[in-house]
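Visitor: Got a structure for you, written out below as structure tokens; questions coming shortly.
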Amino acid sequence: MKLKIKEFSTNALSETEHSLKRLCGRLSQKKRFIIVLLTCGLLAVASLYFVTSSIMNIGKNNTKKELIKLQHIERLNFELKQ
């Protein structure tokens, strides 16, 4: 099973790499650089959005405050079968 998973991941990685090389090979160096900058910018904006929205949601009063209920661990009774 591990061999099949490894073979699948290797094939998928090589196909993806081949496709990216084929697509990026057609673009000029300047266009590739612009695409990389745009992608990094979009990911940075998305990251900042998620961080700021999470921080803002921490302080809201309408979030549920649930306390963890602690209990003592009970001893288990095992029956020995012979």
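The way I read the labels, and the way they are meant: chains A, B, ... in the order of the structure tokens, residue 1 as the first residue of every chain, and ligand 1 as the first ligand shown, with later ones counted on from there.
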When DSSP is applied to the backbone of this structure, which of chain A are assigned helix (DSSP H, G or I)? Write them out as a ChimeraX atom specification.
Guide: /A:2-25,29-58
Visitor: With C-alpha atoms retained, write the just-selected residues as a PDB file, in the first residue's frame.
Guide:
```pdb
ATOM      1  CA  LYS A   2       2.831   2.371   0.879  1.00  0.00           C
ATOM      2  CA  LEU A   3       4.468   1.629  -2.447  1.00  0.00           C
ATOM      3  CA  LYS A   4       1.281   2.500  -4.354  1.00  0.00           C
ATOM      4  CA  ILE A   5       0.882   5.785  -2.454  1.00  0.00           C
ATOM      5  CA  LYS A   6       4.518   6.688  -3.050  1.00  0.00           C
ATOM      6  CA  GLU A   7       4.212   5.832  -6.753  1.00  0.00           C
ATOM      7  CA  PHE A   8       1.014   7.894  -7.074  1.00  0.00           C
ATOM      8  CA  SER A   9       2.548  10.914  -5.330  1.00  0.00           C
ATOM      9  CA  THR A  10       5.680  10.682  -7.490  1.00  0.00           C
ATOM     10  CA  ASN A  11       3.613  10.517 -10.686  1.00  0.00           C
ATOM     11  CA  ALA A  12       1.364  13.385  -9.582  1.00  0.00           C
ATOM     12  CA  LEU A  13       4.377  15.527  -8.694  1.00  0.00           C
ATOM     13  CA  SER A  14       6.109  14.875 -12.007  1.00  0.00           C
ATOM     14  CA  GLU A  15       2.912  15.599 -13.986  1.00  0.00           C
ATOM     15  CA  THR A  16       2.385  18.850 -12.086  1.00  0.00           C
ATOM     16  CA  GLU A  17       6.011  19.866 -12.600  1.00  0.00           C
ATOM     17  CA  HIS A  18       5.793  19.060 -16.318  1.00  0.00           C
ATOM     18  CA  SER A  19       2.589  21.089 -16.694  1.00  0.00           C
ATOM     19  CA  LEU A  20       4.028  24.087 -14.859  1.00  0.00           C
ATOM     20  CA  LYS A  21       7.205  23.995 -16.946  1.00  0.00           C
ATOM     21  CA  ARG A  22       5.123  23.836 -20.118  1.00  0.00           C
ATOM     22  CA  LEU A  23       2.909  26.772 -19.050  1.00  0.00           C
ATOM     23  CA  CYS A  24       5.710  28.944 -17.673  1.00  0.00           C
ATOM     24  CA  GLY A  25       8.025  28.179 -20.571  1.00  0.00           C
ATOM     25  CA  GLN A  29      10.778  36.366 -17.772  1.00  0.00           C
ATOM     26  CA  LYS A  30       9.091  39.692 -17.009  1.00  0.00           C
ATOM     27  CA  LYS A  31       5.592  38.166 -17.132  1.00  0.00           C
ATOM     28  CA  ARG A  32       6.656  35.274 -14.868  1.00  0.00           C
ATOM     29  CA  PHE A  33       8.045  37.763 -12.348  1.00  0.00           C
ATOM     30  CA  ILE A  34       4.795  39.755 -12.390  1.00  0.00           C
ATOM     31  CA  ILE A  35       2.732  36.584 -11.863  1.00  0.00           C
ATOM     32  CA  VAL A  36       4.918  35.555  -8.908  1.00  0.00           C
ATOM     33  CA  LEU A  37       4.572  39.013  -7.339  1.00  0.00           C
ATOM     34  CA  LEU A  38       0.791  39.028  -7.824  1.00  0.00           C
ATOM     35  CA  THR A  39       0.444  35.551  -6.336  1.00  0.00           C
ATOM     36  CA  CYS A  40       2.564  36.495  -3.316  1.00  0.00           C
ATOM     37  CA  GLY A  41       0.560  39.688  -2.877  1.00  0.00           C
ATOM     38  CA  LEU A  42      -2.780  37.861  -3.003  1.00  0.00           C
ATOM     39  CA  LEU A  43      -1.602  35.272  -0.490  1.00  0.00           C
ATOM     40  CA  ALA A  44      -0.286  38.011   1.816  1.00  0.00           C
ATOM     41  CA  VAL A  45      -3.609  39.882   1.692  1.00  0.00           C
ATOM     42  CA  ALA A  46      -5.551  36.683   2.401  1.00  0.00           C
ATOM     43  CA  SER A  47      -3.257  35.869   5.323  1.00  0.00           C
ATOM     44  CA  LEU A  48      -3.632  39.354   6.814  1.00  0.00           C
ATOM     45  CA  TYR A  49      -7.410  39.159   6.425  1.00  0.00           C
ATOM     46  CA  PHE A  50      -7.647  35.864   8.290  1.00  0.00           C
ATOM     47  CA  VAL A  51      -5.320  37.056  11.064  1.00  0.00           C
ATOM     48  CA  THR A  52      -7.161  40.343  11.610  1.00  0.00           C
ATOM     49  CA  SER A  53     -10.618  38.764  11.481  1.00  0.00           C
ATOM     50  CA  SER A  54      -9.530  36.107  13.991  1.00  0.00           C
ATOM     51  CA  ILE A  55      -8.121  38.746  16.341  1.00  0.00           C
ATOM     52  CA  MET A  56     -11.304  40.798  16.083  1.00  0.00           C
ATOM     53  CA  ASN A  57     -13.464  37.752  16.859  1.00  0.00           C
ATOM     54  CA  ILE A  58     -11.511  37.028  20.041  1.00  0.00           C
TER      55      ILE A  58
END
```
